[in-house]
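Q: Below you'll find final_19.pdb; it's PDB, C-alpha atoms.
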ATOM      1  CA  MET A   1      14.313   6.597 -15.700
ATOM      2  CA  ALA A   2      11.499   8.728 -14.304
ATOM      3  CA  ASN A   3      11.175   8.737 -10.507
ATOM      4  CA  SER A   4       7.385   8.516 -10.469
ATOM      5  CA  PHE A   5       4.294   7.032 -12.102
ATOM      6  CA  VAL A   6       1.363   9.138 -13.329
ATOM      7  CA  LEU A   7      -2.049   8.390 -11.787
ATOM      8  CA  ASN A   8      -5.381   8.712 -13.575
ATOM      9  CA  THR A   9      -5.926  11.998 -11.699
ATOM     10  CA  GLY A  10      -2.807  13.479 -13.298
ATOM     11  CA  ALA A  11      -0.945  13.367  -9.971
ATOM     12  CA  THR A  12       2.408  11.610  -9.777
ATOM     13  CA  ILE A  13       3.229   8.895  -7.241
ATOM     14  CA  PRO A  14       6.911   8.230  -6.456
ATOM     15  CA  LEU A  15       8.379   4.886  -7.489
ATOM     16  CA  VAL A  16       9.439   4.115  -3.914
ATOM     17  CA  GLY A  17       7.669   5.079  -0.700
ATOM     18  CA  LEU A  18       8.345   4.447   2.962
ATOM     19  CA  GLY A  19       5.885   1.998   4.500
ATOM     20  CA  THR A  20       5.250   2.795   8.169
ATOM     21  CA  TRP A  21       3.452  -0.390   9.248
ATOM     22  CA  GLN A  22       5.288  -1.960  12.203
ATOM     23  CA  ILE A  23       7.568   1.029  12.765
ATOM     24  CA  SER A  24       7.143   1.791  16.457
ATOM     25  CA  PRO A  25       5.974   5.286  17.466
ATOM     26  CA  GLY A  26       9.253   5.913  19.265
ATOM     27  CA  VAL A  27      11.388   5.559  16.144
ATOM     28  CA  VAL A  28       9.099   6.573  13.287
ATOM     29  CA  GLU A  29      10.217  10.224  13.359
ATOM     30  CA  GLU A  30      13.847   9.262  12.890
ATOM     31  CA  ALA A  31      12.874   6.725  10.211
ATOM     32  CA  ILE A  32      11.029   9.422   8.242
ATOM     33  CA  ARG A  33      13.850  11.910   8.667
ATOM     34  CA  ALA A  34      16.382   9.352   7.419
ATOM     35  CA  ALA A  35      14.138   8.487   4.471
ATOM     36  CA  ILE A  36      13.635  12.102   3.420
ATOM     37  CA  LYS A  37      17.393  12.672   3.670
ATOM     38  CA  VAL A  38      18.153   9.982   1.079
ATOM     39  CA  GLY A  39      15.380  10.946  -1.324
ATOM     40  CA  TYR A  40      12.057   9.399  -0.304
ATOM     41  CA  ARG A  41       9.095  11.626  -1.070
ATOM     42  CA  HIS A  42       6.192   9.225  -0.358
ATOM     43  CA  ILE A  43       5.139   8.267   3.165
ATOM     44  CA  ASP A  44       2.449   5.562   3.482
ATOM     45  CA  CYS A  45       0.389   5.764   6.681
ATOM     46  CA  SER A  46      -2.737   4.429   8.346
ATOM     47  CA  PRO A  47      -4.478   5.191  11.639
ATOM     48  CA  GLN A  48      -4.393   1.436  12.230
ATOM     49  CA  TYR A  49      -0.582   1.430  12.337
ATOM     50  CA  GLY A  50      -0.570   3.108  15.739
ATOM     51  CA  ASN A  51       2.027   5.731  14.809
ATOM     52  CA  GLN A  52       0.157   8.260  12.691
ATOM     53  CA  LYS A  53       0.341  11.095  15.223
ATOM     54  CA  GLU A  54       4.100  10.604  15.448
ATOM     55  CA  VAL A  55       4.311  10.689  11.646
ATOM     56  CA  GLY A  56       2.488  14.012  11.831
ATOM     57  CA  LEU A  57       4.958  15.388  14.346
ATOM     58  CA  ALA A  58       7.844  14.319  12.124
ATOM     59  CA  LEU A  59       6.317  16.033   9.094
ATOM     60  CA  LYS A  60       5.622  19.208  11.083
ATOM     61  CA  LYS A  61       9.257  19.407  12.167
ATOM     62  CA  LEU A  62      10.503  18.851   8.624
ATOM     63  CA  PHE A  63       8.310  21.679   7.362
ATOM     64  CA  GLU A  64       9.235  24.031  10.210
ATOM     65  CA  GLU A  65      12.936  23.386   9.704
ATOM     66  CA  GLY A  66      12.628  24.155   6.004
ATOM     67  CA  LEU A  67      13.928  20.710   5.027
ATOM     68  CA  MET A  68      10.853  19.950   2.956
ATOM     69  CA  ASN A  69       7.773  21.700   1.564
ATOM     70  CA  ARG A  70       4.364  20.068   1.776
ATOM     71  CA  GLU A  71       3.903  20.103  -1.992
ATOM     72  CA  ASP A  72       7.109  18.100  -2.433
ATOM     73  CA  LEU A  73       5.757  15.124  -0.470
ATOM     74  CA  PHE A  74       3.187  12.474  -1.365
ATOM     75  CA  ILE A  75       1.283  11.367   1.743
ATOM     76  CA  THR A  76      -1.049   8.365   1.740
ATOM     77  CA  SER A  77      -3.403   7.234   4.488
ATOM     78  CA  LYS A  78      -6.350   4.892   4.715
ATOM     79  CA  LEU A  79      -9.989   4.576   5.760
ATOM     80  CA  TRP A  80     -10.273   1.862   8.402
ATOM     81  CA  CYS A  81     -13.104  -0.679   8.288
ATOM     82  CA  THR A  82     -14.920   0.770  11.316
ATOM     83  CA  HIS A  83     -15.647   3.973   9.350
ATOM     84  CA  HIS A  84     -17.185   2.584   6.160
ATOM     85  CA  ALA A  85     -20.618   4.062   6.858
ATOM     86  CA  PRO A  86     -20.919   7.057   4.494
ATOM     87  CA  GLU A  87     -21.598   9.442   7.373
ATOM     88  CA  ASP A  88     -18.341   8.348   9.060
ATOM     89  CA  VAL A  89     -15.956   8.782   6.121
ATOM     90  CA  LEU A  90     -15.514  12.555   6.476
ATOM     91  CA  GLU A  91     -14.948  12.156  10.216
ATOM     92  CA  ALA A  92     -12.268   9.548   9.512
ATOM     93  CA  ILE A  93     -10.239  11.661   7.105
ATOM     94  CA  GLU A  94     -10.528  14.722   9.325
ATOM     95  CA  SER A  95      -9.153  12.707  12.227
ATOM     96  CA  THR A  96      -6.282  11.514  10.038
ATOM     97  CA  LEU A  97      -5.556  15.039   8.811
ATOM     98  CA  GLN A  98      -5.492  16.199  12.428
ATOM     99  CA  ASP A  99      -3.089  13.384  13.344
ATOM    100  CA  LEU A 100      -0.814  14.218  10.423
ATOM    101  CA  GLN A 101      -1.211  17.994  10.875
ATOM    102  CA  LEU A 102      -2.030  18.364   7.178
ATOM    103  CA  GLU A 103      -4.739  20.100   5.167
ATOM    104  CA  TYR A 104      -5.029  17.382   2.516
ATOM    105  CA  LEU A 105      -3.846  13.893   1.581
ATOM    106  CA  ASP A 106      -2.308  13.051  -1.748
ATOM    107  CA  LEU A 107      -3.965   9.637  -1.638
ATOM    108  CA  TYR A 108      -6.702   8.203   0.580
ATOM    109  CA  LEU A 109      -7.451   4.495   0.326
ATOM    110  CA  VAL A 110     -10.269   2.256   1.497
ATOM    111  CA  HIS A 111      -8.052  -0.043   3.587
ATOM    112  CA  GLY A 112      -9.936  -3.164   2.531
ATOM    113  CA  PRO A 113     -13.347  -4.545   1.505
ATOM    114  CA  VAL A 114     -14.185  -5.272   5.145
ATOM    115  CA  ARG A 115     -16.670  -3.408   7.332
ATOM    116  CA  ALA A 116     -16.969  -3.529  11.116
ATOM    117  CA  LYS A 117     -19.073  -1.749  13.717
ATOM    118  CA  LYS A 118     -17.840   1.724  14.551
ATOM    119  CA  GLY A 119     -15.491   1.719  17.517
ATOM    120  CA  ALA A 120     -15.337  -2.092  17.595
ATOM    121  CA  THR A 121     -12.432  -4.490  17.475
ATOM    122  CA  LEU A 122     -12.030  -6.928  14.600
ATOM    123  CA  SER A 123     -13.902 -10.013  15.704
ATOM    124  CA  VAL A 124     -16.598 -12.156  14.177
ATOM    125  CA  GLU A 125     -19.501 -10.582  16.054
ATOM    126  CA  ASN A 126     -18.477  -7.088  14.914
ATOM    127  CA  TYR A 127     -18.242  -7.644  11.150
ATOM    128  CA  LEU A 128     -20.961  -6.142   8.960
ATOM    129  CA  LYS A 129     -21.909  -6.600   5.334
ATOM    130  CA  PRO A 130     -19.808  -4.153   3.292
ATOM    131  CA  ASP A 131     -21.513  -1.621   1.054
ATOM    132  CA  ILE A 132     -18.565  -0.545  -1.073
ATOM    133  CA  PRO A 133     -20.602   1.605  -3.510
ATOM    134  CA  ALA A 134     -21.998   3.677  -0.624
ATOM    135  CA  THR A 135     -18.583   4.022   1.004
ATOM    136  CA  TRP A 136     -17.072   4.973  -2.337
ATOM    137  CA  ARG A 137     -19.617   7.740  -2.923
ATOM    138  CA  ALA A 138     -18.461   9.271   0.357
ATOM    139  CA  MET A 139     -14.847   8.886  -0.791
ATOM    140  CA  GLU A 140     -15.715  10.698  -4.029
ATOM    141  CA  LYS A 141     -16.934  13.652  -1.977
ATOM    142  CA  LEU A 142     -13.499  13.828  -0.340
ATOM    143  CA  TYR A 143     -11.969  13.958  -3.815
ATOM    144  CA  ASP A 144     -14.435  16.672  -4.860
ATOM    145  CA  SER A 145     -13.485  18.759  -1.823
ATOM    146  CA  SER A 146      -9.722  18.203  -2.401
ATOM    147  CA  LYS A 147      -9.272  16.796   1.082
ATOM    148  CA  ALA A 148      -7.927  13.808  -0.860
ATOM    149  CA  ARG A 149      -6.206  14.677  -4.142
ATOM    150  CA  SER A 150      -6.579  11.051  -5.271
ATOM    151  CA  ILE A 151      -8.677   8.195  -3.889
ATOM    152  CA  GLY A 152      -8.222   4.469  -4.165
ATOM    153  CA  VAL A 153      -8.550   1.072  -2.552
ATOM    154  CA  SER A 154      -6.407  -1.584  -0.931
ATOM    155  CA  ASN A 155      -6.699  -5.376  -0.799
ATOM    156  CA  PHE A 156      -9.268  -5.479  -3.608
ATOM    157  CA  SER A 157      -9.448  -8.615  -5.751
ATOM    158  CA  CYS A 158     -10.049  -8.417  -9.499
ATOM    159  CA  LYS A 159     -13.765  -9.008  -8.987
ATOM    160  CA  LYS A 160     -14.114  -6.377  -6.279
ATOM    161  CA  LEU A 161     -12.174  -3.855  -8.336
ATOM    162  CA  GLU A 162     -14.284  -4.581 -11.428
ATOM    163  CA  ASP A 163     -17.473  -4.209  -9.373
ATOM    164  CA  LEU A 164     -16.291  -0.827  -8.081
ATOM    165  CA  LEU A 165     -15.206   0.410 -11.511
ATOM    166  CA  ALA A 166     -18.689  -0.417 -12.821
ATOM    167  CA  VAL A 167     -20.356   2.041 -10.420
ATOM    168  CA  ALA A 168     -17.682   4.648  -9.635
ATOM    169  CA  ARG A 169     -18.122   8.238 -10.772
ATOM    170  CA  VAL A 170     -14.479   8.854  -9.838
ATOM    171  CA  PRO A 171     -12.511   5.698 -10.626
ATOM    172  CA  PRO A 172      -9.987   4.553  -8.047
ATOM    173  CA  ALA A 173      -6.513   5.867  -8.810
ATOM    174  CA  VAL A 174      -4.695   3.084  -6.938
ATOM    175  CA  ASN A 175      -5.171  -0.467  -5.686
ATOM    176  CA  GLN A 176      -2.554  -1.095  -2.986
ATOM    177  CA  VAL A 177      -1.998  -4.825  -2.556
ATOM    178  CA  GLU A 178       0.547  -7.432  -1.541
ATOM    179  CA  CYS A 179       2.901  -7.814  -4.489
ATOM    180  CA  HIS A 180       6.416  -9.245  -4.787
ATOM    181  CA  PRO A 181       8.177 -11.933  -6.845
ATOM    182  CA  VAL A 182       6.470 -14.758  -4.914
ATOM    183  CA  TRP A 183       2.972 -13.207  -5.381
ATOM    184  CA  GLN A 184       3.111 -11.277  -8.619
ATOM    185  CA  GLN A 185      -0.600 -10.450  -9.040
ATOM    186  CA  ARG A 186      -0.441 -11.081 -12.791
ATOM    187  CA  ARG A 187      -4.201 -11.056 -13.403
ATOM    188  CA  LEU A 188      -4.778  -8.051 -11.165
ATOM    189  CA  ARG A 189      -1.899  -6.164 -12.765
ATOM    190  CA  ASP A 190      -3.385  -6.739 -16.211
ATOM    191  CA  LEU A 191      -6.768  -5.480 -15.009
ATOM    192  CA  CYS A 192      -5.247  -2.407 -13.392
ATOM    193  CA  ARG A 193      -3.237  -1.594 -16.502
ATOM    194  CA  SER A 194      -6.249  -1.930 -18.806
ATOM    195  CA  SER A 195      -8.509   0.153 -16.546
ATOM    196  CA  GLY A 196      -6.071   2.944 -15.679
ATOM    197  CA  VAL A 197      -5.685   1.967 -12.014
ATOM    198  CA  HIS A 198      -2.145   2.091 -10.625
ATOM    199  CA  LEU A 199      -1.014  -1.000  -8.722
ATOM    200  CA  SER A 200       1.003  -0.128  -5.621
ATOM    201  CA  ALA A 201       2.845  -2.863  -3.725
ATOM    202  CA  TYR A 202       2.889  -3.260   0.020
ATOM    203  CA  ALA A 203       5.163  -5.959   1.448
ATOM    204  CA  PRO A 204       7.321  -5.741  -1.718
ATOM    205  CA  LEU A 205      10.065  -7.645   0.140
ATOM    206  CA  GLY A 206       7.615 -10.237   1.468
ATOM    207  CA  SER A 207       7.495  -8.501   4.869
ATOM    208  CA  PRO A 208       9.832 -10.976   6.611
ATOM    209  CA  GLY A 209       8.899 -11.692  10.215
ATOM    210  CA  SER A 210       5.474 -10.058  10.011
ATOM    211  CA  PRO A 211       2.465 -11.461  11.891
ATOM    212  CA  GLY A 212      -0.214 -13.060   9.754
ATOM    213  CA  LYS A 213       2.238 -14.043   7.041
ATOM    214  CA  GLU A 214       2.869 -17.628   6.006
ATOM    215  CA  GLY A 215       4.871 -18.997   3.117
ATOM    216  CA  PRO A 216       8.320 -18.795   1.519
ATOM    217  CA  ASP A 217      10.871 -16.079   2.185
ATOM    218  CA  VAL A 218      11.004 -13.756  -0.824
ATOM    219  CA  LEU A 219      14.545 -12.521  -0.193
ATOM    220  CA  SER A 220      16.034 -16.022  -0.009
ATOM    221  CA  HIS A 221      14.221 -17.346  -3.068
ATOM    222  CA  PRO A 222      16.799 -18.884  -5.452
ATOM    223  CA  VAL A 223      15.721 -16.727  -8.408
ATOM    224  CA  VAL A 224      15.964 -13.499  -6.412
ATOM    225  CA  VAL A 225      19.310 -14.510  -4.918
ATOM    226  CA  SER A 226      20.795 -15.592  -8.255
ATOM    227  CA  VAL A 227      19.746 -12.376 -10.015
ATOM    228  CA  ALA A 228      21.178 -10.342  -7.141
ATOM    229  CA  GLU A 229      24.488 -12.167  -7.444
ATOM    230  CA  ARG A 230      24.595 -11.625 -11.215
ATOM    231  CA  LEU A 231      23.930  -7.906 -10.868
ATOM    232  CA  GLN A 232      25.969  -7.385  -7.676
ATOM    233  CA  LYS A 233      22.929  -6.017  -5.876
ATOM    234  CA  THR A 234      21.160  -7.138  -2.710
ATOM    235  CA  PRO A 235      18.112  -9.436  -2.875
ATOM    236  CA  ALA A 236      16.003  -6.563  -1.504
ATOM    237  CA  GLN A 237      17.117  -4.242  -4.295
ATOM    238  CA  VAL A 238      16.339  -6.905  -6.891
ATOM    239  CA  ALA A 239      12.848  -7.541  -5.486
ATOM    240  CA  LEU A 240      12.100  -3.807  -5.469
ATOM    241  CA  ARG A 241      13.591  -3.169  -8.895
ATOM    242  CA  TRP A 242      11.546  -6.073 -10.288
ATOM    243  CA  GLY A 243       8.400  -4.369  -8.970
ATOM    244  CA  VAL A 244       9.284  -0.996 -10.457
ATOM    245  CA  GLN A 245      10.052  -2.564 -13.835
ATOM    246  CA  MET A 246       6.671  -4.312 -13.684
ATOM    247  CA  GLY A 247       5.085  -0.868 -13.434
ATOM    248  CA  GLN A 248       4.163  -0.656  -9.762
ATOM    249  CA  SER A 249       5.240   1.671  -6.991
ATOM    250  CA  VAL A 250       6.766  -0.129  -4.017
ATOM    251  CA  LEU A 251       6.426   0.565  -0.291
ATOM    252  CA  PRO A 252       9.244  -1.108   1.655
ATOM    253  CA  LYS A 253       9.179  -0.619   5.413
ATOM    254  CA  SER A 254      12.459   0.178   7.120
ATOM    255  CA  ASP A 255      13.595   1.791  10.337
ATOM    256  CA  ASP A 256      17.239   0.958   9.590
ATOM    257  CA  GLU A 257      19.064   3.845   7.905
ATOM    258  CA  ALA A 258      21.344   1.645   5.792
ATOM    259  CA  TRP A 259      18.422  -0.438   4.502
ATOM    260  CA  THR A 260      16.385   2.709   3.872
ATOM    261  CA  ARG A 261      19.181   4.043   1.657
ATOM    262  CA  GLU A 262      19.628   0.684  -0.074
ATOM    263  CA  ASN A 263      15.908   0.334  -0.833
ATOM    264  CA  ILE A 264      15.730   3.549  -2.845
ATOM    265  CA  ASP A 265      18.919   2.950  -4.834
ATOM    266  CA  LEU A 266      17.059   1.664  -7.874
ATOM    267  CA  SER A 267      17.374   4.342 -10.539
ATOM    268  CA  ASP A 268      20.747   3.880 -12.270
ATOM    269  CA  TRP A 269      20.489   0.173 -13.086
ATOM    270  CA  CYS A 270      17.943  -2.318 -14.328
ATOM    271  CA  ILE A 271      17.277  -6.052 -14.494
ATOM    272  CA  PRO A 272      17.881  -7.151 -18.104
ATOM    273  CA  GLN A 273      15.082  -8.936 -19.914
ATOM    274  CA  ASP A 274      16.720 -12.369 -19.825
ATOM    275  CA  LEU A 275      16.871 -12.181 -16.026
ATOM    276  CA  MET A 276      13.383 -10.633 -15.735
ATOM    277  CA  ALA A 277      12.077 -13.704 -17.574
ATOM    278  CA  LYS A 278      13.297 -15.934 -14.754
ATOM    279  CA  PHE A 279      10.755 -14.386 -12.369
ATOM    280  CA  ALA A 280       7.960 -15.975 -14.389
ATOM    281  CA  GLU A 281       9.255 -19.375 -13.221
ATOM    282  CA  ILE A 282       8.597 -18.645  -9.532
ATOM    283  CA  GLU A 283       5.796 -20.650  -7.917
ATOM    284  CA  GLN A 284       3.151 -18.222  -6.708
ATOM    285  CA  VAL A 285       2.021 -18.098  -3.069
ATOM    286  CA  ARG A 286      -0.089 -15.397  -1.394
ATOM    287  CA  LEU A 287       1.624 -14.678   1.929
ATOM    288  CA  PHE A 288      -1.099 -12.545   3.542
ATOM    289  CA  LYS A 289      -4.385 -14.400   3.379
ATOM    290  CA  TYR A 290      -6.439 -12.386   5.920
ATOM    291  CA  GLU A 291      -8.011 -15.376   7.629
ATOM    292  CA  PHE A 292      -8.899 -13.098  10.538
ATOM    293  CA  VAL A 293     -11.735 -11.502   8.566
ATOM    294  CA  THR A 294     -13.287 -14.847   7.617
ATOM    295  CA  HIS A 295     -15.580 -17.165   9.550
ATOM    296  CA  PRO A 296     -18.433 -19.523   8.638
ATOM    297  CA  THR A 297     -20.888 -17.132  10.320
ATOM    298  CA  SER A 298     -19.318 -13.942   8.941
ATOM    299  CA  PHE A 299     -19.895 -12.124   5.642
ATOM    300  CA  TYR A 300     -16.726 -13.681   4.226
ATOM    301  CA  LYS A 301     -16.960 -17.415   4.890
ATOM    302  CA  SER A 302     -13.431 -18.352   3.844
ATOM    303  CA  VAL A 303     -10.155 -17.026   2.464
ATOM    304  CA  GLU A 304     -11.307 -18.075  -1.015
ATOM    305  CA  ASP A 305     -14.498 -16.077  -0.492
ATOM    306  CA  PHE A 306     -12.616 -12.965   0.637
ATOM    307  CA  TRP A 307     -10.226 -13.045  -2.330
ATOM    308  CA  ASP A 308     -12.854 -14.280  -4.824
ATOM    309  CA  GLY A 309     -10.783 -17.381  -5.530
ATOM    310  CA  GLU A 310      -7.558 -15.432  -6.110
ATOM    311  CA  VAL A 311      -5.434 -17.419  -3.627
TER     312      VAL A 311
END
Take the structure from the file and write it as structure tokens.
A:
Amino acid sequence: MANSFVLNTGATIPLVGLGTWQISPGVVEEAIRAAIKVGYRHIDCSPQYGNQKEVGLALKKLFEEGLMNREDLFITSKLWCTHHAPEDVLEAIESTLQDLQLEYLDLYLVHGPVRAKKGATLSVENYLKPDIPATWRAMEKLYDSSKARSIGVSNFSCKKLEDLLAVARVPPAVNQVECHPVWQQRRLRDLCRSSGVHLSAYAPLGSPGSPGKEGPDVLSHPVVVSVAERLQKTPAQVALRWGVQMGQSVLPKSDDEAWTRENIDLSDWCIPQDLMAKFAEIEQVRLFKYEFVTHPTSFYKSVEDFWDGEV
């Protein structure tokens, strides 16, 4: 089995990446070092995660020690909602590149279809009407300049992705969204496949214990557990392998070395088709609804409004 997917830019994105959300700054360097040691080549970052400078220090040390070359790694970061104004997009990526001590990103994503006042916190009075086409034109300039080798989006519904594809000169290479056996994104996956956009999964294990999440536990779901028992794998490995076999890259977060090693051990086995079929029986529940960006007086009035009914 290949260890990567090919994007519409011709670049390759590894099957498994290390998510860095909720890894504290004090341990993220060791988490990255442990991940690189066991074969990870994709690190997923964001300035909003509060650890991006420490990720940069970790990468710098790896390069200086000769343990890794820059061209061997795939580094993703994201444009936060306070920098959606076209004149702020270049400033945002330059700040991220400075944090990460890099000259370019392999992938730069619009973190979500939400816009807020520059420098403001996320609260109702600070939300603005998004202008995704204008923001995207600024993103395309980053692609033209090779500051971002690929560009994409995150948390885009089918409708929002279709709207962007209709106006984009450079189509998004990736839509990074919540995706796991309990929220399989079937309609969005079909759209991505038909339009050449790669679907990348954050929270591929259901992000147990995360703030803002509500719903069933992916790793204790009876289907996941039963398949794991049949294959003598862990529930986490089964959830991740399911995602890879569905055609998406997966971004599990881990700062535990044993789990980090376990999460990437997906290449020499597969879930047979009769067991894959059982995943279609799972009741679907979106775990991350993003209520915090909705309000009756805001641009997005409700969760249904934000996700265009895809809840």
Q: List the neighbours of Ser24 (chain A) out to 9 Å using all atoms listed in the file; skip same-chain residues closer than 3 positions along the sequence, and give me the result as a list in words.
A: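 Here the qualifying residues turn out to be Thr20, Trp21, Val27, Val28, Tyr49, Gly50, Asn51 and Asp255 of chain A.
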Q: Would you write out, as number ranges by chain, every residue that the PyMOL selection byres ((chain A and resi 43) around 8) captures in this file?
A: A: 17-20, 32, 40-42, 44-45, 73-76
Q: Let me know the residues the PyMOL selection byres ((chain A and resi 236) around 10) catches in the file above, as number ranges by chain.
A: A: 204-206, 218-220, 224-225, 228, 233-235, 237-242, 252, 259, 262-263
Q: Using only C-alpha atoms, find the one residue out of A:Asn3, A:Ser145, A:Asn69, A:Thr9 that sits nearest to Ala173 (chain A).
A: A:Thr9
Q: Within 9 Å of Pro86 (chain A), counting all atoms listed in the file, which residues qualify if same-chain residues fewer than 3 places away don't, as a ChimeraX atom specification?
A: /A:83,89-90,134-139
Q: So which residues touch region 291-295 of chain A within 9 Å, counting only C-alpha atoms, skipping near sequence neighbours fewer than 5 positions away, as a PyMOL selection string?
A: chain A and resi 114+122-124+127+212+300-303+305-306
Q: When the PyMOL selection byres ((chain A and resi 91) around 12) is applied to the structure above, which residues does it catch, written out as a PDB file with C-alpha atoms, keeping the file's coordinate frame?
A:
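Below is the file that was written, selection.pdb:
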ATOM      1  CA  LEU A  79      -9.989   4.576   5.760  1.00  0.00           C
ATOM      2  CA  TRP A  80     -10.273   1.862   8.402  1.00  0.00           C
ATOM      3  CA  THR A  82     -14.920   0.770  11.316  1.00  0.00           C
ATOM      4  CA  HIS A  83     -15.647   3.973   9.350  1.00  0.00           C
ATOM      5  CA  HIS A  84     -17.185   2.584   6.160  1.00  0.00           C
ATOM      6  CA  ALA A  85     -20.618   4.062   6.858  1.00  0.00           C
ATOM      7  CA  PRO A  86     -20.919   7.057   4.494  1.00  0.00           C
ATOM      8  CA  GLU A  87     -21.598   9.442   7.373  1.00  0.00           C
ATOM      9  CA  ASP A  88     -18.341   8.348   9.060  1.00  0.00           C
ATOM     10  CA  VAL A  89     -15.956   8.782   6.121  1.00  0.00           C
ATOM     11  CA  LEU A  90     -15.514  12.555   6.476  1.00  0.00           C
ATOM     12  CA  ALA A  92     -12.268   9.548   9.512  1.00  0.00           C
ATOM     13  CA  ILE A  93     -10.239  11.661   7.105  1.00  0.00           C
ATOM     14  CA  GLU A  94     -10.528  14.722   9.325  1.00  0.00           C
ATOM     15  CA  SER A  95      -9.153  12.707  12.227  1.00  0.00           C
ATOM     16  CA  THR A  96      -6.282  11.514  10.038  1.00  0.00           C
ATOM     17  CA  LEU A  97      -5.556  15.039   8.811  1.00  0.00           C
ATOM     18  CA  GLN A  98      -5.492  16.199  12.428  1.00  0.00           C
ATOM     19  CA  LYS A 118     -17.840   1.724  14.551  1.00  0.00           C
ATOM     20  CA  ALA A 138     -18.461   9.271   0.357  1.00  0.00           C
ATOM     21  CA  MET A 139     -14.847   8.886  -0.791  1.00  0.00           C
ATOM     22  CA  LEU A 142     -13.499  13.828  -0.340  1.00  0.00           C
ATOM     23  CA  LYS A 147      -9.272  16.796   1.082  1.00  0.00           C
TER      24      LYS A 147
END
Q: For Thr12 (chain A), which of A:Gln52, A:Ser150, A:Ser298, A:Ser194 is the closest residue, counting all atoms listed in the file?
A: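 With all atoms listed in the file as the atom set, the closest residue is A:Ser150.
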Q: Of the residues A:Ile271, A:Leu59, A:Ile132, A:Ile13, which is the one nearest to Ala168 (chain A), using all atoms listed in the file?
A: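 Between A:Ile271, A:Leu59, A:Ile132, A:Ile13, the residue approaching Ala168 (chain A) most closely is A:Ile132.
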Q: Out of A:Val250, A:Ile151, A:Val223, A:Ala120, which residue has the shortest atom-to-atom distance to Leu266 (chain A) when counting all atoms listed in the file?
A: A:Val250
Q: Go ahead and compute the interatomic distance for CA of Asn155 (chain A) and CA of Gln101 (chain A), in Å to one decimal.
A: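 Value for the CA of Asn155 (chain A)-CA of Gln101 (chain A) distance: 26.7 Å.
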Q: Starting from the incomplete input, reconstruct N, CA, C and O atoms of region 146-156 of chain A and report them as a PDB file, keeping the file's coordinate frame.
A:
ATOM      1  N   SER A 146     -11.192  18.133  -2.398  1.00  0.00           N
ATOM      2  CA  SER A 146      -9.722  18.203  -2.401  1.00  0.00           C
ATOM      3  C   SER A 146      -9.095  17.872  -1.052  1.00  0.00           C
ATOM      4  O   SER A 146      -7.902  18.113  -0.847  1.00  0.00           O
ATOM      5  N   LYS A 147      -9.890  17.316  -0.137  1.00  0.00           N
ATOM      6  CA  LYS A 147      -9.272  16.796   1.082  1.00  0.00           C
ATOM      7  C   LYS A 147      -8.382  15.602   0.750  1.00  0.00           C
ATOM      8  O   LYS A 147      -7.398  15.332   1.438  1.00  0.00           O
ATOM      9  N   ALA A 148      -8.750  14.885  -0.313  1.00  0.00           N
ATOM     10  CA  ALA A 148      -7.927  13.808  -0.860  1.00  0.00           C
ATOM     11  C   ALA A 148      -7.731  14.113  -2.342  1.00  0.00           C
ATOM     12  O   ALA A 148      -8.704  14.155  -3.100  1.00  0.00           O
ATOM     13  N   ARG A 149      -6.484  14.318  -2.755  1.00  0.00           N
ATOM     14  CA  ARG A 149      -6.206  14.677  -4.142  1.00  0.00           C
ATOM     15  C   ARG A 149      -6.407  13.487  -5.084  1.00  0.00           C
ATOM     16  O   ARG A 149      -6.682  13.671  -6.268  1.00  0.00           O
ATOM     17  N   SER A 150      -6.253  12.281  -4.545  1.00  0.00           N
ATOM     18  CA  SER A 150      -6.579  11.051  -5.271  1.00  0.00           C
ATOM     19  C   SER A 150      -7.192  10.088  -4.266  1.00  0.00           C
ATOM     20  O   SER A 150      -6.888  10.141  -3.073  1.00  0.00           O
ATOM     21  N   ILE A 151      -8.057   9.200  -4.750  1.00  0.00           N
ATOM     22  CA  ILE A 151      -8.677   8.195  -3.889  1.00  0.00           C
ATOM     23  C   ILE A 151      -8.470   6.820  -4.519  1.00  0.00           C
ATOM     24  O   ILE A 151      -8.326   6.690  -5.739  1.00  0.00           O
ATOM     25  N   GLY A 152      -8.447   5.814  -3.658  1.00  0.00           N
ATOM     26  CA  GLY A 152      -8.222   4.469  -4.165  1.00  0.00           C
ATOM     27  C   GLY A 152      -8.636   3.422  -3.154  1.00  0.00           C
ATOM     28  O   GLY A 152      -9.336   3.711  -2.172  1.00  0.00           O
ATOM     29  N   VAL A 153      -8.174   2.208  -3.387  1.00  0.00           N
ATOM     30  CA  VAL A 153      -8.550   1.072  -2.552  1.00  0.00           C
ATOM     31  C   VAL A 153      -7.304   0.257  -2.215  1.00  0.00           C
ATOM     32  O   VAL A 153      -6.221   0.466  -2.775  1.00  0.00           O
ATOM     33  N   SER A 154      -7.483  -0.674  -1.314  1.00  0.00           N
ATOM     34  CA  SER A 154      -6.407  -1.584  -0.931  1.00  0.00           C
ATOM     35  C   SER A 154      -7.011  -2.963  -0.691  1.00  0.00           C
ATOM     36  O   SER A 154      -8.152  -3.071  -0.226  1.00  0.00           O
ATOM     37  N   ASN A 155      -6.267  -3.986  -1.020  1.00  0.00           N
ATOM     38  CA  ASN A 155      -6.699  -5.376  -0.799  1.00  0.00           C
ATOM     39  C   ASN A 155      -7.971  -5.722  -1.572  1.00  0.00           C
ATOM     40  O   ASN A 155      -8.793  -6.513  -1.104  1.00  0.00           O
ATOM     41  N   PHE A 156      -8.120  -5.162  -2.753  1.00  0.00           N
ATOM     42  CA  PHE A 156      -9.268  -5.479  -3.608  1.00  0.00           C
ATOM     43  C   PHE A 156      -8.860  -6.518  -4.640  1.00  0.00           C
ATOM     44  O   PHE A 156      -7.870  -6.348  -5.357  1.00  0.00           O
TER      45      PHE A 156
END
